[in-house]
>>> print(open('upload_23.csv').read())   # CSV, C-alpha atoms
chain,number,residue,atom,x,y,z
A,1,MET,CA,16.4,-10.9,28.6
A,2,PRO,CA,18.5,-13.9,27.7
A,3,HIS,CA,15.9,-15.2,25.2
A,4,ALA,CA,15.9,-11.8,23.3
A,5,ALA,CA,19.8,-11.8,23.4
A,6,ALA,CA,19.8,-15.3,21.9
A,7,LYS,CA,17.4,-14.2,19.1
A,8,LEU,CA,19.6,-11.2,18.4
A,9,ARG,CA,22.7,-13.3,18.1
A,10,LEU,CA,20.8,-15.7,15.8
A,11,ILE,CA,19.8,-12.7,13.6
A,12,LEU,CA,23.3,-11.4,13.5
A,13,ILE,CA,24.7,-14.8,12.6
A,14,LEU,CA,22.1,-15.2,9.7
A,15,ALA,CA,22.9,-11.7,8.5
A,16,GLY,CA,26.6,-12.6,8.5
A,17,CYS,CA,25.9,-15.8,6.5
A,18,LEU,CA,23.8,-13.8,3.9
A,19,ALA,CA,26.6,-11.2,3.6
A,20,ALA,CA,29.1,-14.0,3.0
A,21,ASN,CA,26.8,-15.6,0.4
A,22,ALA,CA,26.4,-12.3,-1.4
A,23,SER,CA,30.1,-11.8,-1.5
A,24,ALA,CA,30.6,-15.4,-2.9
A,25,LEU,CA,27.9,-14.8,-5.6
A,26,ALA,CA,29.6,-11.5,-6.6
A,27,GLN,CA,32.8,-13.6,-7.3
A,28,GLY,CA,30.8,-16.4,-9.1
A,29,PRO,CA,29.3,-18.0,-11.0
A,30,TRP,CA,30.1,-21.0,-8.8
A,31,HIS,CA,27.3,-23.2,-10.1
A,32,TYR,CA,27.1,-22.7,-13.9
A,33,GLN,CA,24.0,-24.6,-15.0
A,34,ASN,CA,24.6,-25.3,-18.6
A,35,LYS,CA,27.7,-27.5,-18.8
A,36,ALA,CA,29.0,-28.6,-22.1
A,37,ASP,CA,29.1,-32.2,-20.9
A,38,ALA,CA,25.4,-32.3,-20.2
A,39,PRO,CA,23.3,-34.9,-22.0
A,40,GLN,CA,22.6,-34.0,-25.7
A,41,GLY,CA,19.4,-32.0,-25.9
A,42,ALA,CA,19.3,-31.0,-22.2
A,43,ILE,CA,20.6,-27.5,-22.7
A,44,GLY,CA,18.3,-26.7,-25.6
A,45,GLN,CA,15.3,-28.0,-23.8
A,46,ARG,CA,16.2,-25.9,-20.8
A,47,GLN,CA,16.3,-22.9,-23.1
A,48,LEU,CA,12.8,-23.5,-24.2
A,49,LEU,CA,11.6,-23.2,-20.6
A,50,ARG,CA,12.6,-19.5,-20.7
A,51,GLY,CA,9.7,-18.8,-23.2
A,52,GLY,CA,9.9,-16.3,-26.0
A,53,PRO,CA,9.9,-16.9,-29.7
A,54,LEU,CA,11.8,-20.2,-29.5
A,55,PRO,CA,9.4,-23.2,-29.6
A,56,GLY,CA,8.5,-24.3,-33.1
A,57,TYR,CA,11.0,-22.1,-34.8
A,58,PHE,CA,13.2,-23.7,-37.5
A,59,GLN,CA,16.6,-22.0,-37.2
A,60,PRO,CA,18.6,-22.2,-40.4
A,61,VAL,CA,22.0,-23.8,-39.9
A,62,GLN,CA,24.7,-24.1,-42.6
A,63,VAL,CA,27.1,-27.0,-42.1
A,64,SER,CA,30.2,-26.7,-44.3
A,65,ALA,CA,32.9,-29.4,-44.8
A,66,PRO,CA,36.2,-29.5,-46.7
A,67,ALA,CA,36.0,-29.2,-50.5
A,68,GLY,CA,34.7,-32.4,-52.1
A,69,SER,CA,33.0,-33.8,-48.9
A,70,LEU,CA,29.3,-34.9,-48.9
A,71,VAL,CA,27.0,-33.6,-46.2
A,72,SER,CA,23.6,-35.0,-45.4
A,73,ILE,CA,21.2,-35.0,-42.4
A,74,ALA,CA,18.8,-37.6,-40.9
A,75,ALA,CA,15.2,-37.2,-42.0
A,76,ASP,CA,12.2,-39.4,-42.7
A,77,GLY,CA,13.8,-42.6,-41.8
A,78,ASP,CA,17.0,-42.1,-43.8
A,79,TYR,CA,19.6,-39.5,-44.7
A,80,THR,CA,18.8,-36.7,-47.2
A,81,GLU,CA,20.4,-36.6,-50.6
A,82,PRO,CA,24.1,-35.7,-49.9
A,83,GLN,CA,25.1,-32.1,-50.7
A,84,ARG,CA,28.5,-31.2,-51.9
A,85,ASP,CA,30.6,-29.2,-49.4
A,86,LYS,CA,27.7,-27.7,-47.5
A,87,LEU,CA,24.2,-28.2,-46.3
A,88,LEU,CA,21.6,-25.5,-45.3
A,89,ALA,CA,18.9,-26.9,-43.0
A,90,GLY,CA,16.3,-25.5,-40.6
A,91,MET,CA,16.6,-27.1,-37.2
A,92,LEU,CA,14.2,-26.9,-34.2
A,93,ILE,CA,15.6,-25.3,-31.1
A,94,GLY,CA,16.1,-27.9,-28.3
A,95,GLN,CA,16.4,-30.9,-30.7
A,96,VAL,CA,19.5,-32.9,-31.7
A,97,TYR,CA,20.2,-33.6,-35.3
A,98,ARG,CA,22.4,-36.4,-36.7
A,99,LEU,CA,24.6,-35.6,-39.7
A,100,LYS,CA,26.6,-37.8,-42.0
A,101,ILE,CA,29.9,-36.6,-43.6
A,102,GLY,CA,31.3,-38.7,-46.4
A,103,ALA,CA,33.9,-38.5,-49.2
A,104,ILE,CA,36.3,-36.9,-46.7
A,105,PRO,CA,39.6,-35.8,-48.3
A,106,ASN,CA,42.4,-38.3,-47.6
A,107,HIS,CA,40.0,-40.8,-46.0
A,108,GLU,CA,38.4,-42.8,-48.7
A,109,GLY,CA,35.4,-44.8,-47.5
A,110,ALA,CA,35.4,-43.2,-44.0
A,111,GLU,CA,32.2,-41.6,-42.7
A,112,ILE,CA,31.7,-39.3,-39.7
A,113,PHE,CA,28.3,-38.8,-37.9
A,114,PRO,CA,28.4,-35.6,-35.9
A,115,THR,CA,25.5,-34.1,-34.1
A,116,VAL,CA,24.2,-30.5,-33.9
A,117,GLU,CA,22.1,-29.2,-31.0
A,118,VAL,CA,20.5,-25.8,-31.6
A,119,ILE,CA,20.2,-24.0,-28.2
A,120,ASP,CA,19.1,-20.5,-29.4
A,121,ARG,CA,18.1,-18.6,-32.5
A,122,LEU,CA,19.1,-15.6,-34.5
A,123,TYR,CA,16.8,-12.6,-35.3
A,124,PRO,CA,17.4,-11.7,-38.9
A,125,PRO,CA,15.4,-9.2,-41.0
A,126,PRO,CA,11.9,-10.5,-41.8
A,127,GLY,CA,12.0,-13.0,-44.7
A,128,GLN,CA,15.8,-13.2,-44.7
A,129,ALA,CA,16.4,-16.1,-42.3
A,130,ALA,CA,18.0,-18.3,-44.9
A,131,ARG,CA,20.6,-15.6,-45.7
A,132,PHE,CA,21.7,-15.4,-42.1
A,133,PRO,CA,22.1,-19.0,-40.8
A,134,ILE,CA,24.2,-20.3,-37.9
A,135,PRO,CA,27.5,-21.2,-39.6
A,136,ILE,CA,29.2,-24.5,-38.5
A,137,VAL,CA,32.5,-25.1,-40.4
A,138,LEU,CA,34.0,-28.6,-40.1
A,139,THR,CA,37.7,-28.4,-40.6
A,140,GLN,CA,39.9,-31.1,-42.0
A,141,GLU,CA,41.8,-31.2,-38.7
A,142,GLU,CA,38.6,-31.9,-36.7
A,143,LEU,CA,37.5,-34.6,-39.1
A,144,ASN,CA,41.0,-36.2,-38.8
A,145,PHE,CA,40.6,-36.1,-35.0
A,146,ALA,CA,37.2,-37.9,-35.2
A,147,ILE,CA,38.5,-40.6,-37.6
A,148,ASP,CA,41.4,-41.2,-35.2
A,149,GLY,CA,38.9,-41.8,-32.4
A,150,ARG,CA,39.1,-38.5,-30.6
A,151,TYR,CA,36.1,-36.5,-29.4
A,152,VAL,CA,35.5,-33.0,-30.7
A,153,LEU,CA,33.1,-30.6,-28.9
A,154,ARG,CA,32.5,-27.1,-30.2
A,155,VAL,CA,30.1,-24.4,-28.9
A,156,ILE,CA,29.1,-21.9,-31.6
A,157,TYR,CA,28.3,-18.5,-30.3
A,158,ILE,CA,27.5,-15.0,-31.5
A,159,GLU,CA,30.2,-12.6,-30.6
A,160,ASP,CA,29.6,-9.7,-28.2
A,161,PRO,CA,29.9,-6.7,-30.6
A,162,LYS,CA,31.6,-4.7,-27.9
A,163,ALA,CA,34.3,-7.2,-27.3
A,164,ALA,CA,34.7,-9.0,-30.7
A,165,PRO,CA,38.2,-8.9,-32.2
A,166,THR,CA,38.7,-6.7,-35.2
A,167,LEU,CA,39.3,-9.6,-37.6
A,168,ARG,CA,37.6,-10.5,-40.9
A,169,ASN,CA,37.3,-14.2,-41.8
A,170,ALA,CA,37.0,-15.6,-45.3
A,171,PRO,CA,33.5,-17.1,-45.9
A,172,SER,CA,35.0,-20.6,-45.7
A,173,GLU,CA,36.7,-20.0,-42.3
A,174,GLN,CA,35.5,-19.8,-38.7
A,175,SER,CA,37.5,-18.4,-35.9
A,176,TYR,CA,37.8,-20.6,-32.8
A,177,TYR,CA,39.5,-20.8,-29.4
A,178,GLU,CA,41.0,-24.0,-28.0
A,179,LEU,CA,40.4,-24.4,-24.3
A,180,ALA,CA,42.8,-25.8,-21.7
A,181,PRO,CA,41.9,-29.1,-19.9
A,182,GLY,CA,39.4,-28.5,-17.2
A,183,GLN,CA,37.7,-25.5,-18.9
A,184,ASP,CA,34.1,-25.8,-19.8
A,185,ALA,CA,33.2,-24.8,-23.4
A,186,MET,CA,29.7,-23.6,-22.6
A,187,GLU,CA,30.9,-21.3,-19.8
A,188,ALA,CA,33.7,-19.9,-22.0
A,189,ALA,CA,31.3,-19.3,-24.9
A,190,ASP,CA,28.9,-17.6,-22.6
A,191,ARG,CA,31.6,-15.2,-21.5
A,192,LEU,CA,32.6,-14.4,-25.1
A,193,GLY,CA,29.0,-13.9,-26.5
A,194,ARG,CA,25.7,-15.8,-26.8
A,195,PRO,CA,25.9,-19.6,-27.4
A,196,VAL,CA,23.5,-20.7,-30.2
A,197,ALA,CA,24.6,-24.3,-31.1
A,198,ILE,CA,26.7,-27.2,-30.0
A,199,LEU,CA,28.6,-29.5,-32.3
A,200,ARG,CA,29.7,-32.9,-31.1
A,201,MET,CA,31.8,-35.3,-33.2
A,202,GLY,CA,33.7,-38.5,-32.7
A,203,SER,CA,34.3,-41.9,-34.3
A,204,ARG,CA,30.8,-43.2,-33.3
A,205,VAL,CA,29.1,-45.0,-36.2
A,206,PRO,CA,25.7,-46.8,-36.3
A,207,MET,CA,25.8,-50.6,-35.6
A,208,PRO,CA,23.7,-53.0,-37.6
A,209,ASP,CA,21.7,-54.2,-34.6
A,210,GLU,CA,21.4,-50.8,-33.0
A,211,ASP,CA,18.2,-49.0,-32.4
A,212,GLN,CA,18.4,-46.4,-35.2
A,213,GLY,CA,15.7,-44.2,-33.7
A,214,ARG,CA,17.9,-43.7,-30.7
A,215,PHE,CA,21.1,-43.2,-32.8
A,216,LEU,CA,19.2,-40.6,-34.9
A,217,PHE,CA,17.6,-38.9,-31.8
A,218,GLN,CA,14.1,-39.9,-33.2
A,219,GLN,CA,14.7,-37.8,-36.3
A,220,PRO,CA,13.2,-34.5,-35.4
A,221,PRO,CA,11.5,-32.5,-38.2
A,222,VAL,CA,14.0,-30.6,-40.5
A,223,LEU,CA,13.6,-28.1,-43.3
A,224,LEU,CA,16.0,-28.1,-46.3
A,225,PHE,CA,16.8,-24.7,-47.8
A,226,GLU,CA,18.3,-23.9,-51.2
A,227,THR,CA,21.4,-21.7,-50.8
A,228,PRO,CA,20.3,-18.1,-51.5
A,229,THR,CA,21.9,-16.5,-54.5
A,230,ALA,CA,24.4,-13.8,-53.7
A,231,VAL,CA,23.1,-10.2,-53.8
A,232,ALA,CA,25.2,-7.2,-54.9
A,233,ARG,CA,24.7,-4.8,-52.0
A,234,THR,CA,25.2,-1.8,-54.4
A,235,THR,CA,22.1,-2.7,-56.4
A,236,GLY,CA,19.6,-2.4,-53.5
A,237,LEU,CA,18.0,-4.4,-50.8
A,238,GLU,CA,17.5,-8.2,-51.0
A,239,GLN,CA,14.1,-9.5,-51.9
A,240,PRO,CA,12.2,-11.3,-49.1
A,241,LEU,CA,12.6,-15.1,-48.9
A,242,GLU,CA,10.2,-17.5,-47.4
A,243,ALA,CA,10.4,-17.3,-43.6
A,244,PRO,CA,10.7,-20.5,-41.5
A,245,PRO,CA,7.5,-21.5,-39.9
A,246,GLN,CA,6.7,-20.5,-36.3
A,247,LEU,CA,4.9,-22.8,-33.9
A,248,GLY,CA,3.9,-25.1,-36.8
A,249,ARG,CA,2.3,-22.2,-38.8
A,250,PRO,CA,3.7,-20.2,-41.7
A,251,SER,CA,5.4,-17.0,-40.7
A,252,ARG,CA,4.5,-13.7,-42.3
A,253,ASN,CA,6.8,-12.3,-45.0
A,254,PHE,CA,7.2,-8.6,-44.8
A,255,LEU,CA,7.9,-6.6,-48.0
A,256,ARG,CA,11.0,-4.5,-48.0
A,257,VAL,CA,10.3,-0.8,-48.3
A,258,PRO,CA,12.4,0.9,-51.1
A,259,ALA,CA,14.8,3.5,-49.8
A,260,SER,CA,13.2,6.1,-52.1
A,261,LYS,CA,9.9,5.9,-50.1
A,262,LEU,CA,11.7,6.4,-46.8
A,263,ARG,CA,12.7,9.9,-47.7
>>> encode(input="upload_23.csv", output="structure tokens")
Amino acid sequence: MPHAAAKLRLILILAGCLAANASALAQGPWHYQNKADAPQGAIGQRQLLRGGPLPGYFQPVQVSAPAGSLVSIAADGDYTEPQRDKLLAGMLIGQVYRLKIGAIPNHEGAEIFPTVEVIDRLYPPPGQAARFPIPIVLTQEELNFAIDGRYVLRVIYIEDPKAAPTLRNAPSEQSYYELAPGQDAMEAADRLGRPVAILRMGSRVPMPDEDQGRFLFQQPPVLLFETPTAVARTTGLEQPLEAPPQLGRPSRNFLRVPASKLR
């Protein structure tokens, strides 16, 4: 039965190939899909294809700059009124937002135009989204790099609580890791936790004859939030705030139940 023997050898060869592939996958990932050098917006749009409560959600993001800096975001054909030191805005997942940083310490007259791409959302208590934004802290060193013509890329991620270092940062600080040449920031952030946003910053400035819609990524909708007042944890639970809209409709605000009624 030479034909049957040939089929048997073919099946054995295929089985050997599958076993080799399984072994390679176990060592992987060899083909990491979300690379940090992907076109801006590509990773966020790919996230939306996964479904879930992502489309139409305005994720609060707080961008902080060195003391004295002015921070604004592109909206409605122009930039918003500059905010001193920090800006709290709701950004759609999968969109790219253009910021403007001015009045940078030690760089009079210089302006930097970073971008923020939100690729995932947080899940705060109902009505408390503005109190738990994604923090993005622009350091003086990074702004200096951008003014000097260097390119800064940072992936902001939520730490894995089982592997997070036992360190406590000041509110104005943000821990970071510097990667060696050849390492991918998205892949490194994915190993450390859950990536939620990408900051890209360089010396790129708008040109007078440039298509402003393209430079501003067509100005996706944005919500501006007032910075919530600090709440003393010893006096009780925070009062609900207005929740960001979901799928273009207002979200429900859930009242907090007093601790006395839970007993």
>>> closest_residue(input="upload_23.csv", among="A:Ser203, A:Thr139, A:Gln218, A:Gln45", to="Tyr176 of chain A", atoms="all atoms listed in the file")
A:Thr139
>>> residues_near_point(input="upload_23.csv", point="(26.1, -39.1, -45.4)", cutoff="10 Å", atoms="only C-alpha atoms", output="ChimeraX atom specification")
/A:69-74,78-83,98-103,111-113
>>> residues_near_point(input="upload_23.csv", point="(12.7, -21.2, -28.5)", cutoff="10 Å", atoms="all atoms listed in the file", output="list in words")
Gly44, Gln45, Arg46, Gln47, Leu48, Leu49, Arg50, Gly51, Gly52, Pro53, Leu54, Pro55, Gly56, Tyr57, Phe58, Gln59, Leu92, Ile93, Gly94, Val118, Ile119, Asp120, Arg121, Gln246 and Leu247 of chain A
>>> atom_distance(input="upload_23.csv", atom1="atom CA of Ala42 of chain A", atom2="atom CA of Ile198 of chain A")
11.4 Å
>>> residues_around(input="upload_23.csv", residues="Leu179 of chain A", least_positions_apart="2", cutoff="12 Å", atoms="all atoms listed in the file", output="ChimeraX atom specification")
/A:152-155,176-177,181-189
>>> atom_distance(input="upload_23.csv", atom1="atom CA of Asp76 of chain A", atom2="atom CA of Ile104 of chain A")
24.6 Å
>>> atom_distance(input="upload_23.csv", atom1="atom CA of Pro208 of chain A", atom2="atom CA of Val222 of chain A")
24.6 Å
>>> closest_residue(input="upload_23.csv", among="A:Leu143, A:Val137, A:Ala129, A:Val96", to="Thr115 of chain A", atoms="only C-alpha atoms")
A:Val96
>>> closest_residue(input="upload_23.csv", among="A:Phe225, A:Tyr157, A:Phe215, A:Tyr151", to="Asp37 of chain A", atoms="all atoms listed in the file")
A:Tyr151
>>> closest_residue(input="upload_23.csv", among="A:Ile158, A:Leu216, A:Val205, A:Ala146", to="Asp190 of chain A", atoms="only C-alpha atoms")
A:Ile158
>>> residues_around(input="upload_23.csv", residues="Ala67 of chain A", least_positions_apart="6", cutoff="8 Å", atoms="only C-alpha atoms", output="PyMOL selection string")
chain A and resi 84-85+105
>>> write_last_selection(input="upload_23.csv", atoms="C-alpha atoms", output="mmCIF file, in the frame of the given file")
data_model
loop_
_atom_site.group_PDB
_atom_site.id
_atom_site.type_symbol
_atom_site.label_atom_id
_atom_site.label_comp_id
_atom_site.auth_asym_id
_atom_site.auth_seq_id
_atom_site.Cartn_x
_atom_site.Cartn_y
_atom_site.Cartn_z
ATOM 1 C CA ARG A 84 28.500 -31.200 -51.900
ATOM 2 C CA ASP A 85 30.600 -29.200 -49.400
ATOM 3 C CA PRO A 105 39.600 -35.800 -48.300
#
